[in-house]
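Here's the structure, in structure tokens; my notes come after.
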Amino acid sequence: MERRKVDDTSLVKLMMCFLLSSLMLMGAVSSSVSDKEQQLIRRNLLANGLGLTPPMGWNSWNHFYCNINEKVIKETADALVSTGLSKLGYTYVNIDDCWAEIARDTKGYLVPKNSTFPSGIKALADYVHSKGLKLGIYSDAGYFTCSKTMPGSLGHEEQDARTFASWGIDYLKYDNCFNGGSRPTVRYPVMSRALMKAGRPIFFSLCEWGDLHPALWGFKLGNSWRTTNDIADTWDSMMSRADMNEVYAEHARPGGWNDPDMLEVGNGGMTTDEYIVHFSIWAISKAPLLLGCDVRNMTKETMEIVANKEVIAINQDPLGVQAKKVRSEGDQEIWAGPLSGYRFALLLVNRGPRKYTTTAYWDDIGIPPKSIVEARDLWEHKTLKTRFTGNITATMGSHTCKLYVLKSVS
Ligand SMILES: *[C@@H]1O[C@H](CO)[C@@H](O)[C@H](O)[C@H]1NC(C)=O
Ligand SMILES: *[C@@H]1O[C@H](CO)[C@@H](O)[C@H](O)[C@H]1NC(C)=O
Ligand SMILES: *[C@@H]1O[C@H](CO)[C@@H](O)[C@H](O)[C@H]1NC(C)=O
């Protein structure tokens with residue numbers, strides 16, 4: 001007894017110590033954010049009603065980088081319609097960096113780059129809207145955008161938000177380069193408020209790279225927040241973005257999503273199997289499904305991945321709960337999350353170099369122990385004949401996955 005008491009006292013001391021250092025840390029944070037700014041962050045600045053399910057569409061960066069012009073954007077819009085992808089939900093056509101002249105005009109307005117967007121952005125928005133699609137644009141919470149070929153919006157937030165609204169913009173990706181060193185929790189709320197003031201519902205995508213854990217404060221400011229640095233078109237880059245993003249699963253919900261960056265499916269740096277893993281993880285993670293390939297020139301394999309209706313339906317499920325990595329054993333991982341209608345999404349991933357057999361247990365997934373379960377394999381497009389009790393097992397080759405929807409039948 002006596003000994004136990006001593007232990008309790010030291011535990012209390014430890015907790016006091018932790019509490020004290022947390023308080024000191026909070027003090028340090030609040031001293032660099034003014035009271036007014038704190039109030040702004042505490043209130044929900046962005047009530048635009050958008051992003052009830054993760055956004056879907058396309059963005060120019062992963063394939064084209066700065067090599068964009070109005071022809072590419074229009075042809076991509078055309079291709080989203082002609083391929084049928086727009087009907088599946090891919091409706092945002094998002095222009096990334098490099099669309100404007102390096103200098104603002106004499107009145108301080110952003111100017112679309114004459115050599116590449118001679119018709120202007122308003123004309124492009126009209127065109128995209130005429131196809132039943134939406135137009136997205138890009139700016140930066142700093143003095144220049146990341147390419148340094150055009151101005152950022154820092155200090156011009158209200159003017160730029162009004163400009164975007166007047167052009168008919170539907171989505172703003174807001175980057176974090178050349179920011180002068182001030183905190184994102186100071187810079188991003190200014191744009192959230194400016195967008196609200198401009199009066200047009202514009203999906204606000206915070207591209208803060210995960211530096212200051214935007215999952216913890218992003219919901220009040222935006223509809224999605226990047227949790228990671230930029231993705232590259234490799235297996236290691238893609239899987240590491242997935243891991244970093246997974247940590248924040250609890251913070252995703254309708255209206256605000258974790259963003260592990262745009263899709264690389266179809267850009268050629270991974271195998272078809274790896275792209276299937278990529279698309280599966282993004283879908284169950286409720287990540288934005290923004291295609292990053294050349295939609296005008298997709299292979300049959302690429303199309304089959306990104307047009308998988310059942311996988312898209314997991315991403316767009318109204319429950320809006322991000323799946324988590326519920327268990328891993330070495331290179332074998334089990335990801336799972338609930339869906340509407342008392343169903344579950346289950347993803348088994350083999351990250352290793354060899355074929356492997358993995359079992360997921362109901363206990364891992366949160367399914368009641370005695371449940372008899374029907375499994376639908378979303379990449380094979382079939383409901384398995386076997387009914388499962390207590391577990392489900394799959395054998396997977398290197399860098400492949402199995403994606404199931406599980407439903408109790410008794
Ligand atoms: C845009 O470029 C065209 C030629 O490419 C030129 O004729 C026109 O004057 C330019 N407009 C502006 C506003 O610079
Ligand atoms: C279309 O894609 C293929 C590879 O899938 C590539 O070799 C070809 O250059 C592309 N065509 C254009 C016009 O980009
Ligand atoms: C999975 O469940 C079945 C039936 O309930 C059982 O026979 C089997 O041993 C289980 N498999 C594993 C690997 O635990």
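Simple scheme: letters A, B, ... for chains in structure tokens order, numbers from 1 for residues in each chain, numbers from 1 for ligands in the order shown.
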Within 8 Å of ligand 3, counting only C-alpha atoms and all ligand atoms, residues as a CSV table (one decimal) with N, CA and C atoms, in the first residue's frame:
```
chain,number,residue,atom,x,y,z
A,359,THR,N,-4.5,-11.6,-42.5
A,359,THR,CA,-5.9,-11.8,-41.9
A,359,THR,C,-6.3,-10.6,-41.2
A,361,TYR,N,-9.1,-9.2,-38.5
A,361,TYR,CA,-10.1,-9.7,-37.6
A,361,TYR,C,-11.2,-8.7,-37.3
A,388,PHE,N,-18.2,-14.7,-44.1
A,388,PHE,CA,-17.1,-14.7,-43.2
A,388,PHE,C,-17.5,-14.5,-41.8
A,389,THR,N,-16.9,-15.2,-40.9
A,389,THR,CA,-17.2,-15.1,-39.4
A,389,THR,C,-15.9,-14.8,-38.7
A,390,GLY,N,-15.8,-13.7,-38.1
A,390,GLY,CA,-14.6,-13.4,-37.2
A,390,GLY,C,-13.4,-12.8,-37.9
A,391,ASN,N,-13.2,-13.2,-39.2
A,391,ASN,CA,-12.0,-12.7,-39.9
A,391,ASN,C,-12.1,-12.9,-41.4
A,392,ILE,N,-11.3,-12.2,-42.1
A,392,ILE,CA,-11.2,-12.4,-43.6
A,392,ILE,C,-9.7,-12.4,-43.9
A,393,THR,N,-9.3,-13.3,-44.8
A,393,THR,CA,-7.9,-13.5,-45.2
A,393,THR,C,-7.7,-13.2,-46.7
```
Could you list the protein, DNA and RNA residues that have any atom within 7 Å of ligand 2, counting only C-alpha atoms and all ligand atoms, and write them as an MDAnalysis selection string?
chainID A and resid 297:299
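Here the question is which of A:Val111, A:Leu52, A:Leu124, A:Leu348 gets nearest to ligand 1 using only C-alpha atoms and all ligand atoms, and that residue is A:Val111.
Near A:Ile68, within 10 Å and counting only C-alpha atoms, sit Ser60, Trp61, His63, Ile73, Ile95, Asp96, Asp97, Cys98, Trp99, Thr116 and Phe117 of chain A; same-chain residues fewer than 5 positions away were not included.
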8 Å from ligand 1 is the threshold here; counting only C-alpha atoms and all ligand atoms, which polymer residues fall inside it? Answer as a list in words.
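Listing the residues within 8 Å of ligand 1 gives Asn114, Ser115 and Pro118 of chain A.
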Deliver the residues from the most recent selection as a file, using C-alpha atoms, as an mmCIF file, in the first residue's frame.
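Output contents, as saved in part07.cif:
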```cif
data_model
loop_
_atom_site.group_PDB
_atom_site.id
_atom_site.type_symbol
_atom_site.label_atom_id
_atom_site.label_comp_id
_atom_site.auth_asym_id
_atom_site.auth_seq_id
_atom_site.Cartn_x
_atom_site.Cartn_y
_atom_site.Cartn_z
ATOM 1 C CA ASN A 114 -1.235 37.388 -71.510
ATOM 2 C CA SER A 115 0.993 34.868 -73.264
ATOM 3 C CA PRO A 118 -5.063 35.824 -73.300
#
```
Nearest candidate to A:Met56 (options A:Phe203, A:Tyr109, A:Phe164, A:Tyr127; using only C-alpha atoms)
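Among A:Phe203, A:Tyr109, A:Phe164, A:Tyr127, it is A:Phe203 that comes nearest to A:Met56.
Residue nearest A:Gly256, chosen from A:Gln332, A:Asn48, A:Asn350, A:Thr145 and counting only C-alpha atoms: A:Asn48.
Distances to A:Thr228 were evaluated for A:Pro260, A:Pro254, A:Gly152, A:Pro369 using only C-alpha atoms, and the minimum falls at A:Pro260.
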Produce a table with one row for each residue of stretch 116-204 of chain A that has an atom at most 8 Å from any atom of stretch 75-86 of chain A, each row naming the nearest atom pair and its distance in Å at one decimal; use only C-alpha atoms; arrange rows by chain and rising residue number; format as JSON lines.
```
{"residue": "A:Val128", "atom": "CA", "partner": "A:Ala77", "partner_atom": "CA", "distance": 6.4}
{"residue": "A:Lys131", "atom": "CA", "partner": "A:Val81", "partner_atom": "CA", "distance": 7.5}
{"residue": "A:Leu133", "atom": "CA", "partner": "A:Ala77", "partner_atom": "CA", "distance": 7.4}
```
Keeping only N, CA and C atoms, write the selected residues to a file as a PDB file, in the first residue's frame.
```
ATOM      1  N   VAL A 128     -15.928  26.770 -68.608  1.00  0.00           N
ATOM      2  CA  VAL A 128     -15.971  25.602 -67.731  1.00  0.00           C
ATOM      3  C   VAL A 128     -17.384  25.424 -67.147  1.00  0.00           C
ATOM      4  N   LYS A 131     -19.966  23.814 -69.298  1.00  0.00           N
ATOM      5  CA  LYS A 131     -19.876  22.347 -69.389  1.00  0.00           C
ATOM      6  C   LYS A 131     -20.394  21.670 -68.122  1.00  0.00           C
ATOM      7  N   LEU A 133     -19.155  22.253 -65.176  1.00  0.00           N
ATOM      8  CA  LEU A 133     -18.009  22.042 -64.279  1.00  0.00           C
ATOM      9  C   LEU A 133     -17.725  23.314 -63.484  1.00  0.00           C
TER      10      LEU A 133
END
```
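Of note, atom CA of A:Pro201 and atom CA of A:Ala47 are spaced 8.8 Å apart.
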So which residues of stretch 234-333 of chain A fall under strand (DSSP E) by DSSP, listed as a list in words?
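Residues meeting the strand (DSSP E) criterion: Trp257, Asn258, Asp259, Leu289, Leu290, Leu291, Lys324, Lys325, Val326, Arg327, Ser328, Glu329, Gln332 and Glu333 of chain A.
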Based on the selection just made, write N, CA and C atoms of those residues as a JSON list (two decimals), in the first residue's frame.
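Written out: selection_9.json:
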```json
[["chain", "number", "residue", "atom", "x", "y", "z"],
["A", 257, "TRP", "N", -11.54, 18.43, -44.68],
["A", 257, "TRP", "CA", -10.87, 17.15, -44.94],
["A", 257, "TRP", "C", -9.36, 17.27, -44.86],
["A", 258, "ASN", "N", -8.73, 16.20, -44.38],
["A", 258, "ASN", "CA", -7.27, 16.08, -44.48],
["A", 258, "ASN", "C", -6.90, 15.88, -45.94],
["A", 259, "ASP", "N", -5.80, 16.51, -46.35],
["A", 259, "ASP", "CA", -5.41, 16.47, -47.76],
["A", 259, "ASP", "C", -3.95, 16.00, -47.89],
["A", 289, "LEU", "N", -10.17, 13.89, -54.20],
["A", 289, "LEU", "CA", -9.78, 13.08, -55.36],
["A", 289, "LEU", "C", -9.56, 14.03, -56.54],
["A", 290, "LEU", "N", -8.38, 14.62, -56.56],
["A", 290, "LEU", "CA", -8.04, 15.56, -57.63],
["A", 290, "LEU", "C", -7.03, 14.88, -58.54],
["A", 291, "LEU", "N", -7.50, 14.54, -59.75],
["A", 291, "LEU", "CA", -6.64, 13.87, -60.71],
["A", 291, "LEU", "C", -5.46, 14.78, -61.02],
["A", 324, "LYS", "N", -8.67, 4.41, -40.78],
["A", 324, "LYS", "CA", -7.38, 4.46, -40.08],
["A", 324, "LYS", "C", -6.64, 3.15, -40.29],
["A", 325, "LYS", "N", -5.34, 3.23, -40.03],
["A", 325, "LYS", "CA", -4.53, 2.01, -40.03],
["A", 325, "LYS", "C", -4.81, 1.35, -38.69],
["A", 326, "VAL", "N", -5.57, 0.26, -38.70],
["A", 326, "VAL", "CA", -5.99, -0.31, -37.42],
["A", 326, "VAL", "C", -4.98, -1.34, -36.90],
["A", 327, "ARG", "N", -4.19, -1.91, -37.79],
["A", 327, "ARG", "CA", -3.14, -2.84, -37.33],
["A", 327, "ARG", "C", -2.10, -2.97, -38.41],
["A", 328, "SER", "N", -0.85, -3.13, -38.00],
["A", 328, "SER", "CA", 0.17, -3.47, -38.99],
["A", 328, "SER", "C", 1.14, -4.47, -38.39],
["A", 329, "GLU", "N", 1.63, -5.34, -39.26],
["A", 329, "GLU", "CA", 2.64, -6.33, -38.87],
["A", 329, "GLU", "C", 3.70, -6.26, -39.93],
["A", 332, "GLN", "N", 2.81, -5.59, -43.62],
["A", 332, "GLN", "CA", 1.39, -5.87, -43.87],
["A", 332, "GLN", "C", 0.54, -4.89, -43.06],
["A", 333, "GLU", "N", -0.39, -4.23, -43.74],
["A", 333, "GLU", "CA", -1.21, -3.23, -43.04],
["A", 333, "GLU", "C", -2.69, -3.47, -43.25]]
```
Interatomic distance, atom CA of A:Ile367 to atom CA of A:Glu250 (Å, one decimal)
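Interatomic distance here is 18.9 Å.
Using only C-alpha atoms for every distance, the candidate list A:Phe204, A:Trp167, A:Trp217, A:Trp235 yields A:Trp217 as the residue closest to A:Pro184.
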Which of these, A:Arg253, A:His213, A:Lys402, A:Lys74, has the shortest distance to A:Ala336 once you count only C-alpha atoms?
A:Lys402
Grab the atom CA of A:Gln322 to atom CA of A:Thr395 distance for me, in Å with one decimal place.
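Pair atom CA of A:Gln322 / atom CA of A:Thr395 returns 24.9 Å.
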Just the residues within 10 Å of A:Leu406, please, counting only C-alpha atoms, with nothing from its chain fewer than 6 positions along; format it as a list in words.
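My list of contacting residues is Pro338, Leu339, Tyr342, Arg343, Phe344, Ala345, Leu346, Ile365, Ile367, Ile372, Val373, Glu374, Ala375, Arg376, Asp377, Thr383, Phe388 and Ile392 of chain A.
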What residues in stretch 71-172 of chain A get the DSSP label helix (DSSP H, G or I)? Please answer as a PyMOL selection string.
chain A and resi 71-82+86-88+120-130+157-167
Shell around A:Val93 at 7 Å using only C-alpha atoms, local window under 4 positions removed, as number ranges by chain
A: 57-59, 77, 134-136
Just C-alpha atoms for this one: save the residues we selected as a PDB file, in the first residue's frame.
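Writing done, so here's part.pdb:
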```
ATOM      1  CA  GLY A  57     -11.799  16.997 -60.034  1.00  0.00           C
ATOM      2  CA  TRP A  58      -8.442  17.759 -61.563  1.00  0.00           C
ATOM      3  CA  ASN A  59      -5.473  20.033 -60.888  1.00  0.00           C
ATOM      4  CA  ALA A  77     -12.651  20.326 -69.119  1.00  0.00           C
ATOM      5  CA  LYS A 134     -16.380  24.364 -61.755  1.00  0.00           C
ATOM      6  CA  LEU A 135     -13.193  26.409 -62.008  1.00  0.00           C
ATOM      7  CA  GLY A 136     -10.489  26.481 -59.354  1.00  0.00           C
TER       8      GLY A 136
END
```
Contacts of A:Leu45 at 12 Å (only C-alpha atoms; same-chain gap of 5+ positions) as a short mmCIF file (atom, residue, chain, number, x, y, z; two decimals) with N, CA and C atoms, in the first residue's frame:
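Contents of the output file out-v5.cif:
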```cif
data_model
loop_
_atom_site.label_atom_id
_atom_site.label_comp_id
_atom_site.auth_asym_id
_atom_site.auth_seq_id
_atom_site.Cartn_x
_atom_site.Cartn_y
_atom_site.Cartn_z
N GLU A 37 -6.63 38.03 -33.26
CA GLU A 37 -6.43 36.91 -34.18
C GLU A 37 -6.93 35.60 -33.57
N GLN A 38 -6.68 35.45 -32.27
CA GLN A 38 -7.16 34.23 -31.60
C GLN A 38 -8.67 34.13 -31.67
N GLN A 39 -9.33 35.28 -31.45
CA GLN A 39 -10.80 35.27 -31.53
C GLN A 39 -11.26 34.86 -32.93
N LEU A 40 -10.54 35.38 -33.91
CA LEU A 40 -10.90 35.06 -35.30
C LEU A 40 -10.80 33.56 -35.55
N TYR A 188 -3.69 32.72 -42.81
CA TYR A 188 -4.81 32.03 -43.47
C TYR A 188 -6.19 32.57 -43.09
N PRO A 189 -6.41 32.95 -41.80
CA PRO A 189 -7.75 33.47 -41.46
C PRO A 189 -8.13 34.72 -42.24
N VAL A 190 -7.12 35.50 -42.64
CA VAL A 190 -7.42 36.75 -43.37
C VAL A 190 -8.08 36.41 -44.70
N MET A 191 -7.59 35.36 -45.36
CA MET A 191 -8.20 34.96 -46.63
C MET A 191 -9.56 34.30 -46.41
N SER A 192 -9.70 33.51 -45.34
CA SER A 192 -11.01 32.89 -45.07
C SER A 192 -12.07 33.98 -44.95
N ARG A 193 -11.72 35.03 -44.18
CA ARG A 193 -12.66 36.11 -43.97
C ARG A 193 -12.93 36.87 -45.28
N ALA A 194 -11.87 37.08 -46.05
CA ALA A 194 -12.01 37.80 -47.33
C ALA A 194 -12.93 37.03 -48.28
N LEU A 195 -12.80 35.72 -48.30
CA LEU A 195 -13.65 34.90 -49.18
C LEU A 195 -15.11 35.01 -48.74
N MET A 196 -15.34 34.96 -47.44
CA MET A 196 -16.71 35.08 -46.94
C MET A 196 -17.28 36.45 -47.32
N LYS A 197 -16.45 37.47 -47.18
CA LYS A 197 -16.88 38.83 -47.46
C LYS A 197 -17.18 39.03 -48.95
N PHE A 204 -12.28 26.41 -50.04
CA PHE A 204 -10.98 26.96 -49.63
C PHE A 204 -10.06 25.83 -49.19
N TRP A 217 -6.43 23.13 -36.58
CA TRP A 217 -7.11 24.43 -36.65
C TRP A 217 -7.77 24.71 -38.00
N GLY A 218 -7.57 23.83 -38.97
CA GLY A 218 -8.03 24.10 -40.33
C GLY A 218 -9.53 24.13 -40.52
N PHE A 219 -10.26 23.37 -39.70
CA PHE A 219 -11.70 23.25 -39.92
C PHE A 219 -12.41 24.60 -39.85
N LYS A 220 -11.89 25.48 -39.00
CA LYS A 220 -12.55 26.79 -38.85
C LYS A 220 -12.22 27.73 -40.00
N LEU A 221 -11.19 27.38 -40.76
CA LEU A 221 -10.71 28.31 -41.79
C LEU A 221 -10.93 27.83 -43.22
N GLY A 222 -10.98 26.53 -43.41
CA GLY A 222 -11.01 26.03 -44.78
C GLY A 222 -11.80 24.75 -44.91
N ASN A 223 -11.93 24.27 -46.15
CA ASN A 223 -12.66 23.04 -46.43
C ASN A 223 -11.73 21.83 -46.52
#
```
